[in-house]
$ cat upload_31.tsv   # TSV, C-alpha atoms and all ligand atoms
chain	number	residue	atom	x	y	z
A	752	MET	CA	264.88	105.60	-113.80
A	753	SER	CA	262.68	105.62	-110.76
A	754	PRO	CA	261.17	102.50	-109.22
A	755	PRO	CA	257.79	101.69	-110.72
A	756	THR	CA	254.83	102.90	-108.72
A	757	GLU	CA	252.02	100.61	-107.63
A	758	GLY	CA	249.83	101.97	-110.42
A	759	GLU	CA	252.41	101.03	-113.04
A	760	THR	CA	252.75	97.46	-111.87
A	761	GLY	CA	249.25	96.66	-110.70
A	762	GLY	CA	250.29	96.58	-107.05
A	763	ALA	CA	253.51	94.66	-107.58
A	764	ARG	CA	256.48	96.00	-105.65
A	765	ARG	CA	260.22	95.67	-106.13
A	766	VAL	CA	261.70	94.19	-102.97
A	767	LEU	CA	265.35	93.64	-102.09
A	768	VAL	CA	266.10	90.89	-99.58
A	769	ALA	CA	269.64	91.64	-98.41
A	770	GLY	CA	270.88	88.45	-96.80
A	771	CYS	CA	268.77	85.93	-98.68
A	772	GLY	CA	269.33	83.01	-96.30
A	773	TYR	CA	267.08	80.78	-94.19
A	774	VAL	CA	264.47	83.39	-93.28
A	775	GLY	CA	265.20	85.91	-96.04
A	776	CYS	CA	264.82	83.38	-98.84
A	777	ARG	CA	261.55	82.08	-97.44
A	778	ALA	CA	260.22	85.65	-97.34
A	779	ALA	CA	261.57	86.21	-100.87
A	780	GLU	CA	259.80	83.07	-102.06
A	781	MET	CA	256.50	84.20	-100.53
A	782	LEU	CA	256.84	87.67	-102.06
A	783	ALA	CA	257.70	86.30	-105.50
A	784	GLY	CA	254.69	83.97	-105.20
A	785	GLN	CA	252.51	87.06	-104.66
A	786	GLY	CA	253.75	88.55	-107.93
A	787	HIS	CA	256.29	91.02	-106.59
A	788	ARG	CA	259.66	91.48	-108.24
A	789	VAL	CA	262.16	90.18	-105.70
A	790	PHE	CA	265.95	90.49	-105.60
A	791	GLY	CA	267.83	88.02	-103.39
A	792	LEU	CA	271.17	89.50	-102.36
A	793	ARG	CA	274.01	87.44	-100.92
A	794	ARG	CA	277.65	86.79	-101.72
A	795	ARG	CA	276.97	83.38	-103.25
A	796	PRO	CA	273.38	83.46	-104.53
A	797	VAL	CA	272.96	79.76	-105.26
A	798	ASP	CA	269.69	77.86	-104.98
A	799	LEU	CA	267.49	80.91	-104.66
A	800	PRO	CA	263.77	80.17	-104.82
A	801	GLU	CA	262.09	80.26	-108.21
A	802	GLY	CA	261.29	83.77	-109.35
A	803	VAL	CA	263.86	85.46	-107.11
A	804	GLU	CA	266.51	87.38	-109.05
A	805	PRO	CA	270.05	86.84	-107.78
A	806	VAL	CA	272.21	89.78	-106.74
A	807	ALA	CA	275.73	88.51	-106.05
A	808	VAL	CA	277.05	91.21	-103.75
A	809	ASP	CA	279.16	91.40	-100.61
A	810	LEU	CA	277.62	94.14	-98.47
A	811	LEU	CA	281.06	94.86	-97.04
A	812	ALA	CA	282.82	95.30	-100.39
A	813	SER	CA	283.45	98.60	-102.15
A	814	GLY	CA	281.44	99.76	-105.18
A	815	LEU	CA	278.13	98.87	-103.59
A	816	GLU	CA	276.34	101.89	-105.04
A	817	ASP	CA	276.42	100.53	-108.61
A	818	ARG	CA	275.17	97.09	-107.65
A	819	ILE	CA	272.05	97.65	-105.58
A	820	PRO	CA	268.89	97.64	-107.72
A	821	LEU	CA	266.25	100.34	-107.48
A	822	VAL	CA	263.61	98.99	-105.15
A	823	ASP	CA	260.49	100.01	-103.24
A	824	GLN	CA	261.24	98.09	-100.06
A	825	VAL	CA	264.18	96.37	-98.36
A	826	VAL	CA	264.51	93.54	-95.87
A	827	PHE	CA	267.91	93.27	-94.20
A	828	ALA	CA	268.27	89.66	-93.00
A	829	ALA	CA	272.00	89.03	-93.40
A	830	SER	CA	273.70	87.20	-90.57
A	831	SER	CA	277.13	87.10	-89.04
A	832	ASP	CA	279.80	84.74	-90.39
A	833	SER	CA	281.10	83.95	-86.88
A	834	PRO	CA	279.77	84.21	-83.34
A	835	ASN	CA	282.28	86.87	-82.26
A	836	GLU	CA	281.91	90.59	-81.72
A	837	GLU	CA	284.06	91.66	-84.64
A	838	ALA	CA	282.07	89.59	-87.12
A	839	TYR	CA	278.81	90.75	-85.60
A	840	ARG	CA	279.87	94.38	-85.87
A	841	ARG	CA	280.93	93.92	-89.50
A	842	ILE	CA	277.51	92.81	-90.69
A	843	TYR	CA	274.99	94.27	-88.22
A	844	VAL	CA	276.62	97.70	-87.97
A	845	ASP	CA	278.94	98.19	-90.98
A	846	GLY	CA	276.81	96.14	-93.39
A	847	VAL	CA	273.58	97.91	-92.46
A	848	ASP	CA	275.30	101.27	-92.62
A	849	ALA	CA	276.83	100.54	-96.04
A	850	LEU	CA	273.49	99.53	-97.55
A	851	LEU	CA	271.60	102.44	-96.00
A	852	ARG	CA	274.22	104.91	-97.26
A	853	VAL	CA	273.71	103.70	-100.83
A	854	LEU	CA	269.93	103.97	-100.51
A	855	GLU	CA	270.04	107.34	-98.74
A	856	ALA	CA	272.29	108.81	-101.45
A	857	ARG	CA	269.56	108.29	-104.05
A	858	PRO	CA	267.13	111.07	-104.96
A	859	PRO	CA	264.12	110.95	-102.62
A	860	ASP	CA	261.79	109.55	-105.29
A	861	GLN	CA	264.17	106.63	-105.87
A	862	ARG	CA	264.59	105.62	-102.25
A	863	PRO	CA	262.74	102.67	-100.79
A	864	SER	CA	259.76	103.53	-98.63
A	865	ARG	CA	260.57	100.89	-96.03
A	866	PHE	CA	263.70	99.23	-94.62
A	867	ILE	CA	263.18	96.32	-92.24
A	868	PHE	CA	266.17	95.35	-90.11
A	869	VAL	CA	265.92	91.80	-88.79
A	870	SER	CA	267.18	91.98	-85.23
A	871	SER	CA	267.01	89.71	-82.21
A	872	THR	CA	265.38	89.40	-78.80
A	873	ALA	CA	268.97	89.22	-77.50
A	874	VAL	CA	268.72	93.02	-77.14
A	875	TYR	CA	266.76	92.47	-73.92
A	876	GLY	CA	269.11	90.41	-71.78
A	877	ASP	CA	267.77	88.82	-68.62
A	878	ALA	CA	264.31	89.65	-67.20
A	879	GLU	CA	264.32	86.98	-64.46
A	880	GLY	CA	261.58	85.08	-66.26
A	881	GLY	CA	259.28	88.11	-66.62
A	882	TRP	CA	257.55	89.42	-69.73
A	883	VAL	CA	259.23	91.79	-72.16
A	884	ASP	CA	257.67	93.64	-75.08
A	885	GLU	CA	258.43	96.54	-77.41
A	886	ASP	CA	258.07	99.03	-74.55
A	887	THR	CA	260.65	97.26	-72.39
A	888	PRO	CA	263.96	99.16	-72.46
A	889	PRO	CA	266.62	96.91	-74.03
A	890	ARG	CA	269.46	96.06	-71.66
A	891	PRO	CA	271.69	93.72	-73.60
A	892	GLU	CA	274.04	91.61	-71.52
A	893	SER	CA	276.06	90.20	-74.39
A	894	PHE	CA	277.84	91.75	-77.36
A	895	ARG	CA	275.21	90.03	-79.52
A	896	GLY	CA	272.37	92.17	-78.19
A	897	GLY	CA	274.56	95.26	-77.92
A	898	VAL	CA	275.71	95.14	-81.53
A	899	MET	CA	272.19	94.40	-82.78
A	900	LEU	CA	271.00	97.43	-80.89
A	901	GLU	CA	273.52	99.56	-82.79
A	902	GLY	CA	272.19	98.21	-86.10
A	903	GLU	CA	268.67	99.00	-84.90
A	904	ALA	CA	269.66	102.56	-83.97
A	905	ARG	CA	271.23	103.10	-87.40
A	906	THR	CA	268.06	101.82	-89.07
A	907	LEU	CA	265.73	104.00	-87.03
A	908	ALA	CA	267.89	107.12	-87.50
A	909	SER	CA	267.69	106.88	-91.29
A	910	PRO	CA	265.43	109.16	-93.32
A	911	ILE	CA	264.23	105.95	-94.97
A	912	PRO	CA	261.33	104.72	-92.81
A	913	GLY	CA	262.68	101.85	-90.78
A	914	VAL	CA	261.21	98.91	-88.90
A	915	VAL	CA	263.14	96.78	-86.44
A	916	PHE	CA	261.90	93.20	-86.26
A	917	ARG	CA	263.29	91.37	-83.21
A	918	LEU	CA	263.20	87.63	-83.77
A	919	GLY	CA	263.39	84.92	-81.14
A	920	GLY	CA	265.03	81.54	-81.81
A	921	ILE	CA	264.21	80.40	-85.34
A	922	TYR	CA	263.39	76.76	-85.98
A	923	GLY	CA	261.92	74.88	-88.90
A	924	PRO	CA	262.79	72.62	-91.82
A	925	GLY	CA	266.47	71.72	-91.89
A	926	ARG	CA	267.20	73.24	-88.47
A	927	THR	CA	266.92	70.04	-86.51
A	928	ARG	CA	269.52	70.52	-83.77
A	929	LEU	CA	267.04	70.39	-80.88
A	930	VAL	CA	265.11	67.45	-82.31
A	931	ASP	CA	268.39	65.60	-82.85
A	932	GLN	CA	269.51	66.34	-79.27
A	933	VAL	CA	266.24	65.09	-77.82
A	934	ARG	CA	266.29	61.98	-80.02
A	935	ALA	CA	269.84	61.23	-78.92
A	936	GLY	CA	268.90	61.67	-75.23
A	937	ARG	CA	271.27	64.66	-74.92
A	938	ALA	CA	268.72	67.38	-74.03
A	939	ARG	CA	268.90	68.52	-70.38
A	940	CYS	CA	266.34	70.40	-68.30
A	941	PRO	CA	267.41	73.29	-66.10
A	942	GLY	CA	267.17	72.47	-62.40
A	943	ASP	CA	266.50	75.87	-60.90
A	944	GLY	CA	262.99	76.94	-61.96
A	945	PRO	CA	261.80	77.43	-65.54
A	946	ILE	CA	264.05	78.89	-68.18
A	947	TRP	CA	261.75	80.32	-70.83
A	948	SER	CA	262.35	79.80	-74.51
A	949	ASN	CA	261.03	82.18	-77.15
A	950	ARG	CA	260.75	80.65	-80.58
A	951	ILE	CA	259.35	81.31	-83.99
A	952	HIS	CA	258.94	78.95	-86.90
A	953	ARG	CA	260.81	80.04	-90.03
A	954	ASP	CA	257.55	80.32	-91.98
A	955	ASP	CA	256.09	82.70	-89.40
A	956	ALA	CA	259.29	84.77	-89.30
A	957	ALA	CA	259.09	85.08	-93.09
A	958	GLY	CA	255.30	85.46	-93.13
A	959	ALA	CA	255.48	88.26	-90.57
A	960	LEU	CA	258.14	90.03	-92.65
A	961	VAL	CA	255.83	89.91	-95.68
A	962	HIS	CA	253.00	91.20	-93.47
A	963	LEU	CA	255.17	94.08	-92.18
A	964	LEU	CA	255.96	95.05	-95.77
A	965	GLU	CA	252.24	95.25	-96.50
A	966	LEU	CA	251.18	97.37	-93.50
A	967	PRO	CA	250.65	101.03	-94.38
A	968	ASP	CA	252.19	102.34	-91.18
A	969	PRO	CA	253.84	99.69	-89.00
A	970	ASP	CA	255.25	100.37	-85.55
A	971	PRO	CA	259.00	100.96	-85.70
A	972	VAL	CA	259.78	98.08	-83.33
A	973	ILE	CA	258.06	94.69	-83.45
A	974	LEU	CA	258.84	91.43	-81.68
A	975	GLY	CA	258.78	88.21	-83.70
A	976	ILE	CA	258.10	85.19	-81.51
A	977	ASP	CA	255.16	82.82	-81.40
A	978	GLN	CA	252.17	83.19	-79.08
A	979	GLU	CA	253.44	80.91	-76.35
A	980	PRO	CA	256.85	81.28	-74.78
A	981	ALA	CA	257.40	77.96	-73.03
A	982	PRO	CA	259.80	76.62	-70.42
A	983	LEU	CA	262.68	74.86	-72.15
A	984	CYS	CA	261.95	71.70	-70.22
A	985	GLN	CA	258.34	71.64	-71.38
A	986	VAL	CA	259.53	71.83	-75.00
A	987	TYR	CA	262.12	69.08	-74.46
A	988	ARG	CA	259.68	66.76	-72.68
A	989	TRP	CA	256.97	67.31	-75.27
A	990	LEU	CA	259.41	66.61	-78.09
A	991	ALA	CA	260.73	63.50	-76.32
A	992	SER	CA	257.24	62.10	-76.01
A	993	GLU	CA	256.49	62.90	-79.68
A	994	VAL	CA	259.58	61.08	-80.96
A	995	GLY	CA	259.55	58.31	-78.36
A	996	ALA	CA	262.85	59.37	-76.79
A	997	PRO	CA	263.74	59.07	-73.09
A	998	GLU	CA	262.49	61.91	-70.87
A	999	PRO	CA	265.19	64.63	-70.62
A	1000	GLN	CA	267.02	64.64	-67.29
A	1001	VAL	CA	267.43	67.64	-65.01
A	1002	ASP	CA	270.85	69.29	-64.99
A	1003	PRO	CA	271.20	71.50	-61.87
A	1004	GLU	CA	273.98	73.57	-63.51
A	1005	MET	CA	271.92	74.56	-66.51
A	1006	SER	CA	269.98	77.57	-65.27
A	1007	ARG	CA	273.12	79.59	-64.64
A	1008	ASP	CA	274.32	82.10	-67.24
A	1009	ARG	CA	271.13	81.98	-69.25
A	1010	SER	CA	269.05	85.01	-69.98
A	1011	ASN	CA	265.50	84.28	-68.85
A	1012	LYS	CA	262.55	86.16	-70.29
A	1013	ARG	CA	259.15	85.75	-71.88
A	1014	CYS	CA	258.75	87.75	-75.07
A	1015	SER	CA	255.30	88.94	-76.06
A	1016	SER	CA	254.02	88.81	-79.64
A	1017	ARG	CA	250.92	90.85	-78.77
A	1018	ARG	CA	251.89	93.81	-80.93
A	1019	LEU	CA	252.51	91.63	-83.97
A	1020	GLN	CA	249.15	89.93	-83.47
A	1021	ALA	CA	247.39	93.27	-82.93
A	1022	SER	CA	248.82	94.43	-86.26
A	1023	GLY	CA	246.80	91.67	-87.92
A	1024	TYR	CA	249.36	88.88	-88.26
A	1025	ARG	CA	247.95	85.37	-87.80
A	1026	PHE	CA	250.45	82.68	-86.89
A	1027	ARG	CA	250.60	79.47	-88.89
A	1028	TYR	CA	252.30	77.87	-85.92
A	1029	PRO	CA	251.05	79.62	-82.77
A	1030	SER	CA	253.20	77.50	-80.46
A	1031	PHE	CA	256.15	75.11	-80.57
A	1032	ARG	CA	253.72	72.18	-80.65
A	1033	GLU	CA	252.20	73.01	-84.07
A	1034	GLY	CA	255.59	74.05	-85.45
A	1035	TYR	CA	257.56	71.01	-84.35
A	1036	ARG	CA	254.72	68.66	-85.26
A	1037	ALA	CA	254.84	69.97	-88.84
A	1038	MET	CA	258.61	69.69	-88.81
A	1039	LEU	CA	258.56	66.11	-87.47
A	1040	GLN	CA	256.07	65.13	-90.14
A	1041	GLU	CA	258.42	66.48	-92.80
A	1042	MET	CA	261.37	64.61	-91.26
A	1043	ASP	CA	259.46	61.29	-90.96
A	1044	PRO	CA	256.53	61.43	-93.35
B	1101	LIG	N1	268.87	81.95	-86.11
B	1101	LIG	C1	268.19	82.43	-85.10
B	1101	LIG	O1	267.68	81.70	-84.24
B	1101	LIG	C2	268.00	83.93	-85.00
B	1101	LIG	C3	267.43	84.47	-83.84
B	1101	LIG	C4	267.23	85.84	-83.79
B	1101	LIG	C5	267.58	86.65	-84.86
B	1101	LIG	N2	268.16	86.10	-85.94
B	1101	LIG	C6	268.54	86.97	-87.07
B	1101	LIG	O2	267.72	86.68	-88.19
B	1101	LIG	C7	268.43	87.02	-89.39
B	1101	LIG	C8	268.30	85.92	-90.40
B	1101	LIG	O3	268.81	84.73	-89.86
B	1101	LIG	P1	268.99	83.44	-90.78
B	1101	LIG	O4	269.08	82.28	-89.88
B	1101	LIG	O5	267.96	83.45	-91.88
B	1101	LIG	O6	270.43	83.75	-91.43
B	1101	LIG	P2	271.22	82.87	-92.52
B	1101	LIG	O7	270.47	81.69	-92.97
B	1101	LIG	O8	272.59	82.66	-91.97
B	1101	LIG	O9	271.27	83.84	-93.78
B	1101	LIG	C9	271.96	85.02	-93.78
B	1101	LIG	C10	272.42	85.32	-95.20
B	1101	LIG	O10	273.25	86.49	-95.14
B	1101	LIG	C11	274.16	86.39	-96.22
B	1101	LIG	N3	275.30	87.22	-95.90
B	1101	LIG	C12	276.13	87.14	-94.81
B	1101	LIG	N4	277.10	88.07	-94.90
B	1101	LIG	C13	276.88	88.78	-96.06
B	1101	LIG	C14	277.56	89.83	-96.71
B	1101	LIG	N5	278.66	90.37	-96.20
B	1101	LIG	N6	277.04	90.30	-97.86
B	1101	LIG	C15	275.92	89.77	-98.40
B	1101	LIG	N7	275.24	88.74	-97.84
B	1101	LIG	C16	275.72	88.23	-96.68
B	1101	LIG	C17	274.51	84.90	-96.29
B	1101	LIG	O11	274.76	84.46	-97.63
B	1101	LIG	P3	276.25	84.39	-98.27
B	1101	LIG	O12	277.09	83.60	-97.29
B	1101	LIG	O13	276.04	83.74	-99.61
B	1101	LIG	O14	276.69	85.81	-98.40
B	1101	LIG	C18	273.22	84.23	-95.83
B	1101	LIG	O15	272.48	83.75	-96.91
B	1101	LIG	C19	269.86	87.35	-88.95
B	1101	LIG	O16	269.98	88.73	-88.81
B	1101	LIG	C20	269.96	86.73	-87.59
B	1101	LIG	O17	270.89	87.35	-86.74
B	1101	LIG	C21	268.38	84.77	-86.05

$ encode --input "upload_31.tsv" --output "structure tokens"
Amino acid sequence: MSPPTEGETGGARRVLVAGCGYVGCRAAEMLAGQGHRVFGLRRRPVDLPEGVEPVAVDLLASGLEDRIPLVDQVVFAASSDSPNEEAYRRIYVDGVDALLRVLEARPPDQRPSRFIFVSSTAVYGDAEGGWVDEDTPPRPESFRGGVMLEGEARTLASPIPGVVFRLGGIYGPGRTRLVDQVRAGRARCPGDGPIWSNRIHRDDAAGALVHLLELPDPDPVILGIDQEPAPLCQVYRWLASEVGAPEPQVDPEMSRDRSNKRCSSRRLQASGYRFRYPSFREGYRAMLQEMDP
């Protein structure tokens, strides 16, 4: 059986979201809402959005080849179980490789036409507060960026057309750590010049993934951050004033050991994507309204 063509399904596609978590499930929900047939893969596929078919699979287990459905497109958005190099390597290198091997072993007419690997702006390391974009050579300074870069390389070396989508810090409903810190008066501003933060709301991360699946010929590397990188302190102070919390204090130690860069979303915008939340202000305002309607 080969995957149905667009003509057979009236434009509907079969999409596998491998790692159907915070971002993946939101993308899956949007795709299912557009009438596509969507498979949400994870080890424990509970509470998947309506219309998303569960695929209970561990990407690191054996026998993967019999358990991956025939699909037209794949989004790889699985994340690491722990913040250490071994766990990172397991999912972002071994997991990606295992899934790609299964897909690559299929006859050409049964392979997906696109494989999007969700990566991270951590591949860039420090730029001393300067701009980085898709043309900036990655120079990861941590194992996080280094391992992601290996997953990217595996994706782009595959005969299956690959796209690497480098996300900044994801925030949105349910991810309230920063808001909680500011509310509790625990947020601290760096003391030694601005440290830039590069964020994207979950709905834009997912919306951009859906957009990248629709583009006929996307660039192989795309950054996923909103239109306005902002100094951390500006975000903290704005949030404090929104929630009526005390103004965050300066901590002179804070600027050390932090990678400092401004990531550009120009390529994503030029590809036709329109942000729902162009900056942290719109995104957090929506989030605050949901927290305290
Ligand atoms: N969070 C950020 O700020 C940020 C920033 C930059 C990039 N990213 C990247 O964005 C991607 C998505 O992040 P997220 O926050 O949406 O992740 P998430 O909510 O943690 O979801 C990841 C999903 O992967 C599944 N998973 C993990 N190991 C698996 C395995 N061995 N087999 C099958 N499924 C597995 C998990 O489900 P089960 O446990 O049920 O298997 C989980 O649902 C990740 O690649 C992450 O590194 C995140």

$ residues_around --input "upload_31.tsv" --residues "region 946-951 of chain A" --least-positions-apart "6" --cutoff "8 Å" --atoms "all atoms listed in the file" --output "list in words"
Gly880, Leu918, Gly919, Gly920, Ile921, Tyr922, Gly975, Ile976, Asp977, Glu979, Pro980, Ala981, Pro982, Leu983, Cys984, Ser1006, Arg1009, Asn1011, Lys1012, Arg1013, Cys1014 and Phe1031 of chain A

$ atom_distance --input "upload_31.tsv" --atom1 "CA of Ser1010 (chain A)" --atom2 "CA of Gly896 (chain A)"
11.4 Å

$ atom_distance --input "upload_31.tsv" --atom1 "CA of Gly772 (chain A)" --atom2 "CA of Asp823 (chain A)"
20.4 Å

$ residues_near_ligand --input "upload_31.tsv" --ligand "ligand LIG 1101 (chain B)" --cutoff "7 Å" --atoms "only C-alpha atoms and all ligand atoms" --output "ChimeraX atom specification"
/A:769-775,792-796,808-811,828-832,842,846,869-872,917-922

$ closest_residue --input "upload_31.tsv" --among "A:Leu964, A:Leu854, A:Ala991, A:Leu907" --to "Arg934 (chain A)" --atoms "all atoms listed in the file"
A:Ala991

$ closest_residue --input "upload_31.tsv" --among "A:Ala856, A:Val826, A:Ile973, A:Leu850" --to "Ser813 (chain A)" --atoms "only C-alpha atoms"
A:Leu850

$ closest_residue --input "upload_31.tsv" --among "A:Arg865, A:Arg764, A:His952, A:Arg937" --to "Met1038 (chain A)" --atoms "all atoms listed in the file"
A:His952

$ closest_residue --input "upload_31.tsv" --among "A:Val972, A:Glu998, A:Met1005, A:Gly944" --to "Ser1022 (chain A)" --atoms "only C-alpha atoms"
A:Val972

$ atom_distance --input "upload_31.tsv" --atom1 "CA of Ala807 (chain A)" --atom2 "CA of Arg905 (chain A)"
24.1 Å

$ closest_residue --input "upload_31.tsv" --among "A:Ala783, A:Ile819, A:Ala996, A:Cys776" --to "Leu799 (chain A)" --atoms "all atoms listed in the file"
A:Cys776

$ decode --input "upload_31.tsv" --residues "region 789-864 of chain A" --atoms "C-alpha atoms" --output "mmCIF file, in the first residue's frame"
data_model
loop_
_atom_site.group_PDB
_atom_site.id
_atom_site.type_symbol
_atom_site.label_atom_id
_atom_site.label_comp_id
_atom_site.auth_asym_id
_atom_site.auth_seq_id
_atom_site.Cartn_x
_atom_site.Cartn_y
_atom_site.Cartn_z
ATOM 1 C CA VAL A 789 -2.509 12.857 11.799
ATOM 2 C CA PHE A 790 -0.631 10.245 13.832
ATOM 3 C CA GLY A 791 0.664 11.317 17.246
ATOM 4 C CA LEU A 792 3.615 9.154 18.242
ATOM 5 C CA ARG A 793 4.944 8.934 21.784
ATOM 6 C CA ARG A 794 5.606 6.226 24.346
ATOM 7 C CA ARG A 795 2.495 7.026 26.372
ATOM 8 C CA PRO A 796 0.000 8.603 23.966
ATOM 9 C CA VAL A 797 -2.532 9.849 26.503
ATOM 10 C CA ASP A 798 -4.655 12.959 26.098
ATOM 11 C CA LEU A 799 -3.888 13.471 22.433
ATOM 12 C CA PRO A 800 -5.989 16.170 20.767
ATOM 13 C CA GLU A 801 -9.249 15.124 19.159
ATOM 14 C CA GLY A 802 -8.768 13.601 15.735
ATOM 15 C CA VAL A 803 -5.123 12.633 16.297
ATOM 16 C CA GLU A 804 -4.515 8.885 16.054
ATOM 17 C CA PRO A 805 -2.278 7.511 18.800
ATOM 18 C CA VAL A 806 0.876 5.581 17.943
ATOM 19 C CA ALA A 807 2.319 4.124 21.150
ATOM 20 C CA VAL A 808 5.949 3.653 20.182
ATOM 21 C CA ASP A 809 9.343 4.140 21.802
ATOM 22 C CA LEU A 810 11.617 5.475 19.068
ATOM 23 C CA LEU A 811 14.551 3.780 20.784
ATOM 24 C CA ALA A 812 12.983 0.315 20.947
ATOM 25 C CA SER A 813 13.520 -2.486 18.449
ATOM 26 C CA GLY A 814 10.910 -3.488 15.853
ATOM 27 C CA LEU A 815 10.248 0.090 14.833
ATOM 28 C CA GLU A 816 9.835 -0.784 11.158
ATOM 29 C CA ASP A 817 6.499 -2.559 11.706
ATOM 30 C CA ARG A 818 5.023 0.201 13.816
ATOM 31 C CA ILE A 819 5.501 3.398 11.850
ATOM 32 C CA PRO A 820 2.502 4.182 9.625
ATOM 33 C CA LEU A 821 2.844 5.082 5.964
ATOM 34 C CA VAL A 822 2.812 8.850 5.820
ATOM 35 C CA ASP A 823 3.399 11.767 3.461
ATOM 36 C CA GLN A 824 5.206 14.008 5.934
ATOM 37 C CA VAL A 825 6.941 13.749 9.310
ATOM 38 C CA VAL A 826 7.601 16.189 12.126
ATOM 39 C CA PHE A 827 10.217 15.056 14.642
ATOM 40 C CA ALA A 828 9.536 16.949 17.884
ATOM 41 C CA ALA A 829 10.547 14.431 20.543
ATOM 42 C CA SER A 830 12.548 15.768 23.448
ATOM 43 C CA SER A 831 15.150 14.456 25.819
ATOM 44 C CA ASP A 832 14.144 12.713 29.054
ATOM 45 C CA SER A 833 16.990 14.355 31.007
ATOM 46 C CA PRO A 834 19.228 17.385 30.578
ATOM 47 C CA ASN A 835 22.428 15.359 30.161
ATOM 48 C CA GLU A 836 24.478 14.526 27.101
ATOM 49 C CA GLU A 837 23.721 10.812 27.074
ATOM 50 C CA ALA A 838 19.963 11.381 27.119
ATOM 51 C CA TYR A 839 20.265 14.103 24.501
ATOM 52 C CA ARG A 840 22.281 11.824 22.242
ATOM 53 C CA ARG A 841 19.758 8.995 22.650
ATOM 54 C CA ILE A 842 16.835 10.970 21.289
ATOM 55 C CA TYR A 843 18.317 13.674 19.039
ATOM 56 C CA VAL A 844 20.879 11.413 17.355
ATOM 57 C CA ASP A 845 19.844 7.761 17.866
ATOM 58 C CA GLY A 846 16.091 8.464 17.822
ATOM 59 C CA VAL A 847 16.251 10.545 14.651
ATOM 60 C CA ASP A 848 18.507 7.996 13.010
ATOM 61 C CA ALA A 849 16.217 5.092 13.950
ATOM 62 C CA LEU A 850 13.136 6.774 12.514
ATOM 63 C CA LEU A 851 14.897 7.909 9.348
ATOM 64 C CA ARG A 852 16.282 4.404 8.761
ATOM 65 C CA VAL A 853 12.761 2.961 8.839
ATOM 66 C CA LEU A 854 11.492 5.603 6.418
ATOM 67 C CA GLU A 855 14.516 5.360 4.120
ATOM 68 C CA ALA A 856 14.148 1.565 3.878
ATOM 69 C CA ARG A 857 10.740 1.967 2.243
ATOM 70 C CA PRO A 858 10.336 1.964 -1.543
ATOM 71 C CA PRO A 859 10.746 5.515 -2.872
ATOM 72 C CA ASP A 860 7.030 5.943 -3.587
ATOM 73 C CA GLN A 861 6.206 5.083 0.033
ATOM 74 C CA ARG A 862 8.646 7.476 1.659
ATOM 75 C CA PRO A 863 7.521 10.777 3.103
ATOM 76 C CA SER A 864 8.282 13.818 0.994
#
